[in-house]
Amino acid sequence: GAGGKSLALSATMENRGRLMSSDVDARKLKELRRRAKRAGAGNIQAVELTVESGAAWPKPFESILEKAARVLVDAPCSGVGALRRNPEARWRLNPTDLVRFPSLQAEISRKALELVAPGGRLIYATCSLLRAENEAVVEELLASRPDLEVISPIEVWGRARGEALVDESGRFLWTAPHKHGTDGFFAAVLRRKA
């Protein structure tokens, strides 16, 4: 995207370390570069990805294959979690999207796992509340990769912060407008076993 999450991560990292941000849309990356420069976020490197399925990683990513401590997949999704804020978006939804997105999300996540170091984490996130785009994608990843395990938000943030944001299973971050007063959001933290 245009860099909101990248800028927040850079600030959390206190502009240290290496933050590689990518998208398939060069215009969004141009905006990210502009915003990062204005914010003084010198640890962000914006890298354009290829749209084609099975494409090789761009050169900057080759050096971090199986070395990244954290990889965030902010997956393209239906966006139904943001309908409260953008109700007109429902008119842009197409029934085929609900079939297309889960397979695309799983494909992107499998590719992203190539970057995760043993002991590292993949964070899979959507602004959707649909099981097909969330839990089902994570279950598919877990079934295909026995070296993955789910880490509860409670383990990541502690009981006091995490308990209010987990789904009924306690395994995933889950927010909903009627419960949290926010957009609907889902995230799963998957650790690659060492």
# chains A, B, ... in the order shown; residues from 1 in each chain; ligands from 1
$ select_by_dssp --residues "region 6-181 of chain A" --states "helix (DSSP H, G or I)" --output "PyMOL selection string"
chain A and resi 6-12+26-39+59-62+80-82+87-91+97-112+131-133+135-144+153-157+159-165+177-180
$ closest_atom_pairs --of "region 19-112 of chain A" --to "region 124-134 of chain A" --cutoff "8 Å" --atoms "only C-alpha atoms" --output "Markdown table"
| residue | atom | partner | partner_atom | distance |
| --- | --- | --- | --- | --- |
| A:Leu72 | CA | A:Tyr124 | CA | 6.1 |
| A:Val73 | CA | A:Tyr124 | CA | 4.9 |
| A:Asp74 | CA | A:Ala125 | CA | 5.0 |
| A:Ala75 | CA | A:Thr126 | CA | 5.6 |
| A:Pro76 | CA | A:Thr126 | CA | 7.1 |
| A:Cys77 | CA | A:Thr126 | CA | 6.2 |
| A:Ser78 | CA | A:Ser128 | CA | 6.3 |
| A:Gly79 | CA | A:Ser128 | CA | 5.1 |
| A:Val80 | CA | A:Ser128 | CA | 5.0 |
| A:Gly81 | CA | A:Ser128 | CA | 4.4 |
| A:Ala82 | CA | A:Cys127 | CA | 6.5 |
| A:Leu98 | CA | A:Ala132 | CA | 7.8 |
| A:Phe101 | CA | A:Glu133 | CA | 6.9 |
| A:Pro102 | CA | A:Glu133 | CA | 5.0 |
| A:Gln105 | CA | A:Glu133 | CA | 7.4 |
| A:Ser109 | CA | A:Tyr124 | CA | 7.3 |
$ write_last_selection --atoms "N, CA and C atoms" --output "compact mmCIF listing (two decimals), in the first residue's frame"
# COMPACT_ATOMS: atom_id res chain seq x y z
N LEU A 72 5.25 -9.61 7.43
CA LEU A 72 3.84 -9.25 7.49
C LEU A 72 3.24 -9.40 6.11
N VAL A 73 2.20 -10.23 6.01
CA VAL A 73 1.42 -10.32 4.79
C VAL A 73 0.12 -9.58 5.06
N ASP A 74 0.04 -8.37 4.54
CA ASP A 74 -1.17 -7.56 4.61
C ASP A 74 -1.94 -7.92 3.33
N ALA A 75 -2.67 -9.00 3.40
CA ALA A 75 -3.22 -9.65 2.21
C ALA A 75 -4.33 -8.84 1.54
N PRO A 76 -4.33 -8.84 0.21
CA PRO A 76 -5.47 -8.25 -0.48
C PRO A 76 -6.71 -9.05 -0.09
N CYS A 77 -7.81 -8.34 0.17
CA CYS A 77 -9.00 -9.04 0.66
C CYS A 77 -10.27 -8.31 0.22
N SER A 78 -11.39 -8.88 0.59
CA SER A 78 -12.68 -8.30 0.24
C SER A 78 -12.93 -6.97 0.94
N GLY A 79 -12.29 -6.74 2.08
CA GLY A 79 -12.46 -5.50 2.82
C GLY A 79 -13.78 -5.39 3.56
N VAL A 80 -14.48 -6.52 3.75
CA VAL A 80 -15.78 -6.44 4.41
C VAL A 80 -15.67 -5.94 5.85
N GLY A 81 -14.50 -6.04 6.43
CA GLY A 81 -14.32 -5.54 7.78
C GLY A 81 -14.37 -4.02 7.87
N ALA A 82 -14.19 -3.35 6.74
CA ALA A 82 -14.19 -1.89 6.72
C ALA A 82 -15.51 -1.31 6.20
N LEU A 98 -14.95 -13.46 -3.62
CA LEU A 98 -14.97 -14.33 -2.44
C LEU A 98 -14.41 -15.71 -2.75
N PHE A 101 -10.12 -14.38 -3.78
CA PHE A 101 -9.23 -13.89 -2.72
C PHE A 101 -8.60 -14.99 -1.87
N PRO A 102 -9.34 -15.97 -1.36
CA PRO A 102 -8.68 -16.97 -0.51
C PRO A 102 -7.53 -17.71 -1.20
N GLN A 105 -4.67 -15.21 -1.40
CA GLN A 105 -4.10 -14.99 -0.07
C GLN A 105 -3.20 -16.16 0.34
N SER A 109 0.87 -15.95 0.87
CA SER A 109 1.41 -16.38 2.17
C SER A 109 2.44 -17.48 2.01
$ residues_around --residues "Ala188 (chain A)" --least-positions-apart "3" --cutoff "8 Å" --atoms "only C-alpha atoms" --output "PyMOL selection string"
chain A and resi 123-125+138+150-152+171-173
$ select_by_dssp --residues "region 131-190 of chain A" --states "strand (DSSP E or B)" --output "VMD selection string"
chain A and resid 148 to 151 166 173 to 175 185 to 190
$ atom_distance --atom1 "CA of Leu9 (chain A)" --atom2 "CA of Arg159 (chain A)"
22.3 Å
$ closest_residue --among "A:Gly120, A:Gly181, A:Gly17, A:Pro153" --to "Arg70 (chain A)" --atoms "only C-alpha atoms"
A:Gly120
$ closest_residue --among "A:Leu93, A:Val24, A:Leu19, A:Ala106" --to "Thr50 (chain A)" --atoms "only C-alpha atoms"
A:Val24
$ atom_distance --atom1 "CA of Gly40 (chain A)" --atom2 "CA of Glu14 (chain A)"
10.6 Å
$ residues_around --residues "Thr12 (chain A)" --least-positions-apart "6" --cutoff "12 Å" --atoms "only C-alpha atoms" --output "number ranges by chain"
A: 5-6, 19, 41, 43
$ write_last_selection --atoms "N, CA, C and O atoms" --output "PDB file, in the first residue's frame"
ATOM      1  N   LYS A   5       1.211   1.157   7.336  1.00  0.00           N
ATOM      2  CA  LYS A   5       1.750   0.128   8.242  1.00  0.00           C
ATOM      3  C   LYS A   5       3.274   0.179   8.275  1.00  0.00           C
ATOM      4  O   LYS A   5       3.888   0.012   9.324  1.00  0.00           O
ATOM      5  N   SER A   6       3.898   0.434   7.128  1.00  0.00           N
ATOM      6  CA  SER A   6       5.363   0.524   7.084  1.00  0.00           C
ATOM      7  C   SER A   6       5.865   1.661   7.960  1.00  0.00           C
ATOM      8  O   SER A   6       6.846   1.504   8.699  1.00  0.00           O
ATOM      9  N   LEU A  19      13.583  -2.612   7.142  1.00  0.00           N
ATOM     10  CA  LEU A  19      12.169  -2.818   6.881  1.00  0.00           C
ATOM     11  C   LEU A  19      11.966  -2.779   5.370  1.00  0.00           C
ATOM     12  O   LEU A  19      12.143  -1.740   4.746  1.00  0.00           O
ATOM     13  N   ALA A  41      11.942   8.206   7.871  1.00  0.00           N
ATOM     14  CA  ALA A  41      12.005   6.752   8.086  1.00  0.00           C
ATOM     15  C   ALA A  41      13.023   6.152   7.111  1.00  0.00           C
ATOM     16  O   ALA A  41      12.674   5.625   6.057  1.00  0.00           O
ATOM     17  N   ASN A  43      14.888   3.559   7.408  1.00  0.00           N
ATOM     18  CA  ASN A  43      15.091   2.104   7.417  1.00  0.00           C
ATOM     19  C   ASN A  43      14.115   1.373   6.497  1.00  0.00           C
ATOM     20  O   ASN A  43      14.114   0.150   6.443  1.00  0.00           O
TER      21      ASN A  43
END
$ closest_atom_pairs --of "region 34-128 of chain A" --to "region 142-147 of chain A" --cutoff "12 Å" --atoms "only C-alpha atoms" --output "CSV"
residue,atom,partner,partner_atom,distance
A:Ala106,CA,A:Ser144,CA,10.7
A:Glu107,CA,A:Ser144,CA,11.8
A:Ser109,CA,A:Leu142,CA,11.2
A:Arg110,CA,A:Arg145,CA,9.2
A:Leu113,CA,A:Arg145,CA,9.7
A:Glu114,CA,A:Arg145,CA,11.6
A:Val116,CA,A:Asp147,CA,11.4
A:Ala117,CA,A:Asp147,CA,11.4
A:Pro118,CA,A:Asp147,CA,8.9
A:Gly119,CA,A:Asp147,CA,9.8
A:Gly120,CA,A:Asp147,CA,11.2
A:Arg121,CA,A:Asp147,CA,11.4
A:Leu122,CA,A:Leu142,CA,11.8
$ residues_around --residues "Ser53 (chain A)" --least-positions-apart "4" --cutoff "10 Å" --atoms "only C-alpha atoms" --output "count of residues only"
4
$ atom_distance --atom1 "CA of Arg191 (chain A)" --atom2 "CA of Glu62 (chain A)"
20.9 Å
$ closest_residue --among "A:Arg27, A:Arg92, A:Arg84, A:Arg35" --to "Asp183 (chain A)" --atoms "only C-alpha atoms"
A:Arg84
